[in-house]
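With mmCIF, C-alpha atoms inside, this is protein_21.cif:
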```
data_data
#
loop_
_atom_site.group_PDB
_atom_site.id
_atom_site.type_symbol
_atom_site.label_atom_id
_atom_site.label_comp_id
_atom_site.auth_asym_id
_atom_site.auth_seq_id
_atom_site.Cartn_x
_atom_site.Cartn_y
_atom_site.Cartn_z
ATOM 1 C CA MET A 1 0.000 0.000 0.000
ATOM 2 C CA LEU A 2 2.855 2.376 0.879
ATOM 3 C CA PHE A 3 4.471 1.557 -2.478
ATOM 4 C CA TYR A 4 1.293 2.485 -4.399
ATOM 5 C CA ALA A 5 0.860 5.662 -2.335
ATOM 6 C CA ALA A 6 4.449 6.737 -3.032
ATOM 7 C CA GLU A 7 4.051 5.956 -6.748
ATOM 8 C CA LEU A 8 0.807 7.938 -6.857
ATOM 9 C CA LEU A 9 2.545 10.878 -5.168
ATOM 10 C CA ARG A 10 5.407 10.777 -7.714
ATOM 11 C CA ASN A 11 2.989 10.663 -10.648
ATOM 12 C CA THR A 12 0.958 13.545 -9.236
ATOM 13 C CA LYS A 13 4.119 15.644 -8.800
ATOM 14 C CA ARG A 14 5.276 14.824 -12.358
ATOM 15 C CA LEU A 15 1.832 15.720 -13.731
ATOM 16 C CA THR A 16 1.927 19.048 -11.871
ATOM 17 C CA GLN A 17 5.374 19.789 -13.300
ATOM 18 C CA ASP A 18 4.244 18.881 -16.804
ATOM 19 C CA THR A 19 1.164 21.064 -16.457
ATOM 20 C CA SER A 20 3.326 23.937 -15.232
ATOM 21 C CA MET A 21 5.649 23.462 -18.220
ATOM 22 C CA VAL A 22 2.738 23.500 -20.648
ATOM 23 C CA HIS A 23 1.396 26.627 -18.975
ATOM 24 C CA LYS A 24 4.797 28.333 -19.315
ATOM 25 C CA LEU A 25 5.076 27.351 -22.970
ATOM 26 C CA TYR A 26 1.540 28.563 -23.587
ATOM 27 C CA SER A 27 2.282 31.861 -21.851
ATOM 28 C CA ARG A 28 5.464 32.315 -23.884
ATOM 29 C CA SER A 29 3.582 31.534 -27.090
ATOM 30 C CA ASN A 30 0.937 34.072 -26.168
ATOM 31 C CA SER A 31 3.641 36.632 -25.423
ATOM 32 C CA HIS A 32 5.210 36.014 -28.809
ATOM 33 C CA ILE A 33 1.832 36.286 -30.497
ATOM 34 C CA LEU A 34 1.095 39.538 -28.688
ATOM 35 C CA PHE A 35 4.546 40.878 -29.525
ATOM 36 C CA PHE A 36 4.234 40.103 -33.229
ATOM 37 C CA SER A 37 0.675 41.456 -33.246
ATOM 38 C CA PHE A 38 2.050 44.673 -31.755
ATOM 39 C CA LEU A 39 4.668 44.842 -34.511
ATOM 40 C CA LEU A 40 1.990 44.392 -37.151
ATOM 41 C CA VAL A 41 -0.118 47.193 -35.629
ATOM 42 C CA LEU A 42 2.954 49.410 -35.314
ATOM 43 C CA ASN A 43 3.845 48.769 -38.936
ATOM 44 C CA ALA A 44 0.297 49.539 -40.050
ATOM 45 C CA THR A 45 0.101 52.811 -38.129
ATOM 46 C CA SER A 46 3.599 53.867 -39.141
ATOM 47 C CA GLN A 47 2.524 54.058 -42.782
ATOM 48 C CA SER A 48 1.436 57.670 -42.126
ATOM 49 C CA LEU A 49 4.846 58.566 -40.686
ATOM 50 C CA PRO A 50 6.732 60.701 -41.345
ATOM 51 C CA PRO A 51 3.987 63.177 -42.318
ATOM 52 C CA ALA A 52 4.127 65.136 -45.556
ATOM 53 C CA THR A 53 4.517 68.405 -43.631
ATOM 54 C CA TYR A 54 6.120 69.318 -40.315
ATOM 55 C CA ASP A 55 3.732 68.968 -37.379
ATOM 56 C CA GLY A 56 2.339 72.012 -35.657
ATOM 57 C CA PHE A 57 0.500 75.297 -36.059
ATOM 58 C CA VAL A 58 2.576 78.376 -36.844
ATOM 59 C CA TYR A 59 1.457 81.433 -34.906
ATOM 60 C CA ARG A 60 0.458 84.392 -37.129
ATOM 61 C CA SER A 61 1.568 82.233 -40.086
ATOM 62 C CA TYR A 62 5.048 83.691 -39.610
ATOM 63 C CA ARG A 63 7.928 81.293 -40.154
ATOM 64 C CA GLY A 64 11.102 82.903 -38.924
ATOM 65 C CA GLY A 65 14.299 83.114 -40.900
ATOM 66 C CA PRO A 66 17.491 81.192 -40.190
ATOM 67 C CA HIS A 67 18.480 83.647 -37.445
ATOM 68 C CA SER A 68 15.097 83.815 -35.728
ATOM 69 C CA ILE A 69 14.521 82.148 -32.378
ATOM 70 C CA LEU A 70 12.076 79.252 -32.552
ATOM 71 C CA ILE A 71 9.785 78.476 -29.642
ATOM 72 C CA GLU A 72 7.879 75.194 -29.721
ATOM 73 C CA ALA A 73 4.946 74.862 -27.334
ATOM 74 C CA PHE A 74 3.302 71.537 -26.564
ATOM 75 C CA TYR A 75 -0.285 72.200 -25.553
ATOM 76 C CA ASP A 76 -3.439 70.352 -24.602
ATOM 77 C CA PRO A 77 -6.490 72.533 -25.376
ATOM 78 C CA VAL A 78 -8.296 71.412 -22.203
ATOM 79 C CA CYS A 79 -5.242 71.594 -19.914
ATOM 80 C CA PRO A 80 -5.501 74.386 -17.293
ATOM 81 C CA ASP A 81 -1.706 74.847 -17.186
ATOM 82 C CA SER A 82 -1.603 75.221 -20.970
ATOM 83 C CA ARG A 83 -4.340 77.821 -20.665
ATOM 84 C CA ASP A 84 -2.477 79.768 -17.998
ATOM 85 C CA SER A 85 0.772 79.740 -19.980
ATOM 86 C CA TRP A 86 -0.683 81.214 -23.171
ATOM 87 C CA PRO A 87 -1.224 84.927 -22.291
ATOM 88 C CA PRO A 88 2.385 85.580 -21.145
ATOM 89 C CA LEU A 89 3.789 83.648 -24.102
ATOM 90 C CA LYS A 90 1.582 85.612 -26.495
ATOM 91 C CA GLN A 91 2.713 88.847 -24.853
ATOM 92 C CA ALA A 92 6.365 87.848 -25.299
ATOM 93 C CA LEU A 93 5.815 86.984 -28.962
ATOM 94 C CA HIS A 94 4.374 90.422 -29.657
ATOM 95 C CA HIS A 95 7.206 92.022 -27.718
ATOM 96 C CA TYR A 96 9.937 90.362 -29.805
ATOM 97 C CA GLY A 97 8.212 90.581 -33.188
ATOM 98 C CA SER A 98 10.093 88.957 -36.061
ATOM 99 C CA ASP A 99 13.002 87.922 -33.817
ATOM 100 C CA VAL A 100 10.916 85.058 -32.432
ATOM 101 C CA TRP A 101 8.407 82.674 -33.960
ATOM 102 C CA LEU A 102 6.177 79.988 -32.496
ATOM 103 C CA VAL A 103 4.999 76.530 -33.476
ATOM 104 C CA VAL A 104 2.320 74.874 -31.330
ATOM 105 C CA HIS A 105 2.134 71.076 -31.176
ATOM 106 C CA LEU A 106 -0.882 69.349 -29.672
ATOM 107 C CA LEU A 107 -0.488 66.666 -27.031
ATOM 108 C CA PRO A 108 -3.993 65.515 -26.016
ATOM 109 C CA LEU A 109 -3.344 63.911 -22.644
ATOM 110 C CA PRO A 110 -5.417 60.777 -21.981
ATOM 111 C CA TYR A 111 -6.431 61.917 -18.484
ATOM 112 C CA HIS A 112 -7.937 65.179 -19.782
ATOM 113 C CA ASP A 113 -11.545 64.588 -20.812
ATOM 114 C CA ASN A 114 -12.216 65.148 -24.530
ATOM 115 C CA ALA A 115 -8.674 66.373 -25.218
ATOM 116 C CA PHE A 116 -8.400 64.292 -28.389
ATOM 117 C CA ALA A 117 -11.714 65.534 -29.808
ATOM 118 C CA ALA A 118 -10.802 69.160 -29.016
ATOM 119 C CA SER A 119 -7.388 68.700 -30.642
ATOM 120 C CA ARG A 120 -9.025 67.144 -33.675
ATOM 121 C CA ALA A 121 -11.329 70.179 -33.961
ATOM 122 C CA LEU A 122 -8.238 72.400 -34.107
ATOM 123 C CA HIS A 123 -6.779 70.315 -36.940
ATOM 124 C CA ILE A 124 -10.099 70.484 -38.786
ATOM 125 C CA VAL A 125 -10.373 74.259 -38.447
ATOM 126 C CA ASN A 126 -6.732 74.687 -39.404
ATOM 127 C CA GLY A 127 -7.474 72.838 -42.646
ATOM 128 C CA LEU A 128 -10.499 75.022 -43.360
ATOM 129 C CA ASN A 129 -9.081 78.399 -42.350
ATOM 130 C CA CYS A 130 -5.595 78.475 -40.811
ATOM 131 C CA SER A 131 -6.052 82.086 -39.696
ATOM 132 C CA ALA A 132 -8.743 80.894 -37.250
ATOM 133 C CA THR A 133 -6.733 78.141 -35.554
ATOM 134 C CA PHE A 134 -5.349 80.206 -32.680
ATOM 135 C CA LEU A 135 -8.688 81.959 -32.240
ATOM 136 C CA LEU A 136 -10.272 78.564 -31.583
ATOM 137 C CA LEU A 137 -7.395 77.507 -29.315
ATOM 138 C CA GLU A 138 -7.941 80.639 -27.215
ATOM 139 C CA HIS A 139 -11.662 79.955 -27.016
ATOM 140 C CA PHE A 140 -10.992 76.421 -25.792
ATOM 141 C CA PHE A 141 -8.692 77.900 -23.161
ATOM 142 C CA ASN A 142 -11.314 80.452 -22.121
ATOM 143 C CA ASP A 143 -14.152 77.924 -21.889
ATOM 144 C CA GLN A 144 -12.370 74.727 -20.849
ATOM 145 C CA ALA A 145 -14.801 73.782 -18.096
ATOM 146 C CA ARG A 146 -17.463 73.242 -20.738
ATOM 147 C CA PHE A 147 -15.645 70.168 -22.025
ATOM 148 C CA TYR A 148 -14.456 68.191 -19.025
ATOM 149 C CA GLY A 149 -15.531 66.948 -15.615
ATOM 150 C CA ASP A 150 -19.168 66.908 -14.584
ATOM 151 C CA ASN A 151 -20.237 68.967 -17.585
ATOM 152 C CA THR A 152 -19.564 66.110 -20.009
ATOM 153 C CA GLY A 153 -19.297 63.067 -17.734
ATOM 154 C CA HIS A 154 -22.894 62.026 -18.436
ATOM 155 C CA LEU A 155 -22.749 62.720 -22.177
ATOM 156 C CA SER A 156 -22.086 60.246 -24.988
ATOM 157 C CA ARG A 157 -19.090 60.702 -27.261
ATOM 158 C CA PHE A 158 -21.466 61.605 -30.121
ATOM 159 C CA THR A 159 -23.048 64.368 -28.033
ATOM 160 C CA VAL A 160 -19.662 65.743 -26.935
ATOM 161 C CA VAL A 161 -18.440 65.887 -30.542
ATOM 162 C CA LYS A 162 -21.633 67.704 -31.543
ATOM 163 C CA GLU A 163 -21.018 70.205 -28.721
ATOM 164 C CA ILE A 164 -17.462 70.749 -29.949
ATOM 165 C CA VAL A 165 -18.637 71.195 -33.560
ATOM 166 C CA ASP A 166 -21.174 73.816 -32.460
ATOM 167 C CA PHE A 167 -18.605 75.521 -30.236
ATOM 168 C CA ALA A 168 -16.012 75.677 -33.021
ATOM 169 C CA ALA A 169 -18.558 77.028 -35.506
ATOM 170 C CA GLU A 170 -19.636 79.707 -33.011
ATOM 171 C CA THR A 171 -15.983 80.707 -32.735
ATOM 172 C CA VAL A 172 -14.829 80.748 -36.356
ATOM 173 C CA GLY A 173 -18.144 81.412 -38.108
ATOM 174 C CA SER A 174 -21.380 79.534 -38.776
ATOM 175 C CA SER A 175 -20.451 79.125 -42.451
ATOM 176 C CA TYR A 176 -17.846 76.571 -41.323
ATOM 177 C CA HIS A 177 -20.301 74.424 -39.372
ATOM 178 C CA SER A 178 -20.852 71.783 -42.070
ATOM 179 C CA GLY A 179 -17.141 71.634 -42.851
ATOM 180 C CA ILE A 180 -16.226 71.121 -39.194
ATOM 181 C CA GLU A 181 -18.917 68.480 -38.814
ATOM 182 C CA ALA A 182 -17.681 66.647 -41.911
ATOM 183 C CA GLY A 183 -14.128 66.860 -40.593
ATOM 184 C CA PHE A 184 -15.016 64.562 -37.707
ATOM 185 C CA THR A 185 -15.852 61.798 -40.195
ATOM 186 C CA ASP A 186 -12.684 62.348 -42.221
ATOM 187 C CA ARG A 187 -10.007 59.772 -41.442
ATOM 188 C CA GLN A 188 -7.261 62.272 -42.301
ATOM 189 C CA THR A 189 -8.130 64.604 -39.428
ATOM 190 C CA ASP A 190 -7.987 61.656 -37.056
ATOM 191 C CA LEU A 191 -4.547 60.731 -38.399
ATOM 192 C CA LYS A 192 -3.271 64.307 -38.113
ATOM 193 C CA THR A 193 -4.309 64.395 -34.471
ATOM 194 C CA ARG A 194 -2.581 61.068 -33.843
ATOM 195 C CA ILE A 195 0.559 62.299 -35.610
ATOM 196 C CA SER A 196 0.660 65.336 -33.319
ATOM 197 C CA PHE A 197 0.474 63.027 -30.316
ATOM 198 C CA LYS A 198 3.171 60.731 -31.723
ATOM 199 C CA TYR A 199 5.414 63.655 -32.616
ATOM 200 C CA SER A 200 5.149 65.040 -29.093
ATOM 201 C CA THR A 201 5.989 61.721 -27.473
ATOM 202 C CA SER A 202 8.840 61.153 -29.938
ATOM 203 C CA ARG A 203 10.396 64.343 -28.563
ATOM 204 C CA GLY A 204 10.126 62.968 -25.042
ATOM 205 C CA VAL A 205 7.282 65.289 -24.090
ATOM 206 C CA PHE A 206 4.907 63.865 -21.494
ATOM 207 C CA ALA A 207 3.355 66.945 -19.863
ATOM 208 C CA THR A 208 1.634 70.128 -20.972
ATOM 209 C CA PRO A 209 2.692 72.786 -21.331
ATOM 210 C CA THR A 210 6.229 71.959 -22.403
ATOM 211 C CA PHE A 211 8.408 74.506 -24.186
ATOM 212 C CA LEU A 212 11.477 74.224 -26.385
ATOM 213 C CA ILE A 213 13.693 77.085 -27.520
ATOM 214 C CA ASN A 214 15.746 76.338 -30.627
ATOM 215 C CA GLY A 215 15.219 72.644 -30.034
ATOM 216 C CA PHE A 216 16.166 72.545 -26.346
ATOM 217 C CA VAL A 217 13.585 71.856 -23.670
ATOM 218 C CA LEU A 218 13.053 74.440 -20.944
ATOM 219 C CA PRO A 219 12.926 73.362 -17.290
ATOM 220 C CA ASP A 220 9.730 72.760 -15.294
ATOM 221 C CA SER A 221 7.649 70.971 -17.914
ATOM 222 C CA GLY A 222 3.977 71.106 -17.061
ATOM 223 C CA SER A 223 4.184 74.617 -15.599
ATOM 224 C CA ALA A 224 3.402 78.025 -17.059
ATOM 225 C CA ILE A 225 6.171 80.578 -17.659
ATOM 226 C CA ASP A 226 5.312 84.182 -16.869
ATOM 227 C CA TYR A 227 6.220 87.148 -19.055
ATOM 228 C CA ASN A 228 9.381 88.016 -17.121
ATOM 229 C CA GLY A 229 10.424 84.384 -17.338
ATOM 230 C CA TRP A 230 10.266 84.561 -21.133
ATOM 231 C CA LEU A 231 12.347 87.735 -21.117
ATOM 232 C CA LYS A 232 15.016 86.024 -19.027
ATOM 233 C CA PHE A 233 15.223 83.160 -21.520
ATOM 234 C CA ILE A 234 15.092 85.173 -24.737
ATOM 235 C CA ASP A 235 16.890 88.456 -24.017
ATOM 236 C CA PRO A 236 20.329 86.779 -23.748
ATOM 237 C CA LEU A 237 19.718 84.972 -27.061
ATOM 238 C CA ILE A 238 18.766 88.228 -28.792
ATOM 239 C CA SER A 239 21.894 89.889 -27.402
ATOM 240 C CA ALA A 240 24.095 86.990 -28.514
ATOM 241 C CA LYS A 241 22.784 87.282 -32.092
ATOM 242 C CA ARG A 242 23.686 90.964 -32.267
ATOM 243 C CA HIS A 243 27.322 90.528 -31.283
#
```
Kindly transcribe the structure held in the file into structure tokens.
Amino acid sequence: MLFYAAELLRNTKRLTQDTSMVHKLYSRSNSHILFFSFLLVLNATSQSLPPATYDGFVYRSYRGGPHSILIEAFYDPVCPDSRDSWPPLKQALHHYGSDVWLVVHLLPLPYHDNAFAASRALHIVNGLNCSATFLLLEHFFNDQARFYGDNTGHLSRFTVVKEIVDFAAETVGSSYHSGIEAGFTDRQTDLKTRISFKYSTSRGVFATPTFLINGFVLPDSGSAIDYNGWLKFIDPLISAKRH
């Protein structure tokens, strides 16, 4: 009896080991399948990269010359810190004139409600009338609470998009309403918004606002810079160019 009990115990242990081995092999196979599936998805989405034109919206449609100072701002249209950073940056841009130019990149953060839809609206409007892009961005900044938190938590995605379409048309003109509405069914505007996100992350940007001057990131990402802060960064660069 003891012999049979010992044999049964050995067989049970071997079966457990075999089952564990099969489970490990199955898990590894699944991991490989997931990995190769990821590569296939990555390859499919990368077909739109690099984009035909450089990402971003140029402020006042002014592209500086080779000796101009380039500021790149990474914004989320429903980010309160992005909102707070815009007035002093705008003031600095007007102060420096043609010595400085700005490109805004959109980084719709996943934890900001409706950030992607708002960013997509900006791409749509930019395609319809590029002179209205920053007007709409400012209106999103001024009326952010309308598009996140309790104000939209109970609404469907369809309803939120309709609200954004109406809001954008109120801002840039009712004649653009049908064009903005159609833009939300256009695959290209979705891709442009994704490209902006991918471009931002490819630069190592993970918070809004983030600012670069001539390609170099400024400290304190995620925080606004006041007007005097911009002067401290840019004045030495202006002086260096003139010597």
Q: Name every residue that the PyMOL selection byres ((chain A and resi 220-233) around 9) selects in this structure, writing the answer as a PyMOL selection string with chains first and numbers rising.
A: chain A and resi 81-92+205-211+213+217-219+234-237
How big is the axis-aligned box, and where does its centre sit, when it encloses all atoms of stretch 132-148 of chain A listed in the file and has 6 Å added on every side, reported in Å to one decimal as JSON?
```
{"center_x": -11.4, "center_y": 75.1, "center_z": -27.7, "size_x": 24.1, "size_y": 25.8, "size_z": 31.2}
```
Q: Could you jot down the atom CA of A:Tyr75 to atom CA of A:Leu106 separation for me, Å, one decimal place?
A: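 About the pair atom CA of A:Tyr75 and atom CA of A:Leu106: they are 5.0 Å apart.
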Q) Which value, in Å to one decimal, gives the distance between atom CA of A:Pro80 and atom CA of A:Ser68? A)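 A separation of 29.2 Å between them.
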Q. For the file shown, what are the residues hit by the PyMOL selection byres ((chain A and resi 194) around 12), laid out as a ChimeraX atom specification?
A. /A:45-46,48-51,55,105-109,115-117,119-120,123,187-193,195-201
Q. Atom CA of A:Gly183 to atom CA of A:Leu122: how many Å, to one decimal?
A.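 Those two atoms sit 10.4 Å apart.
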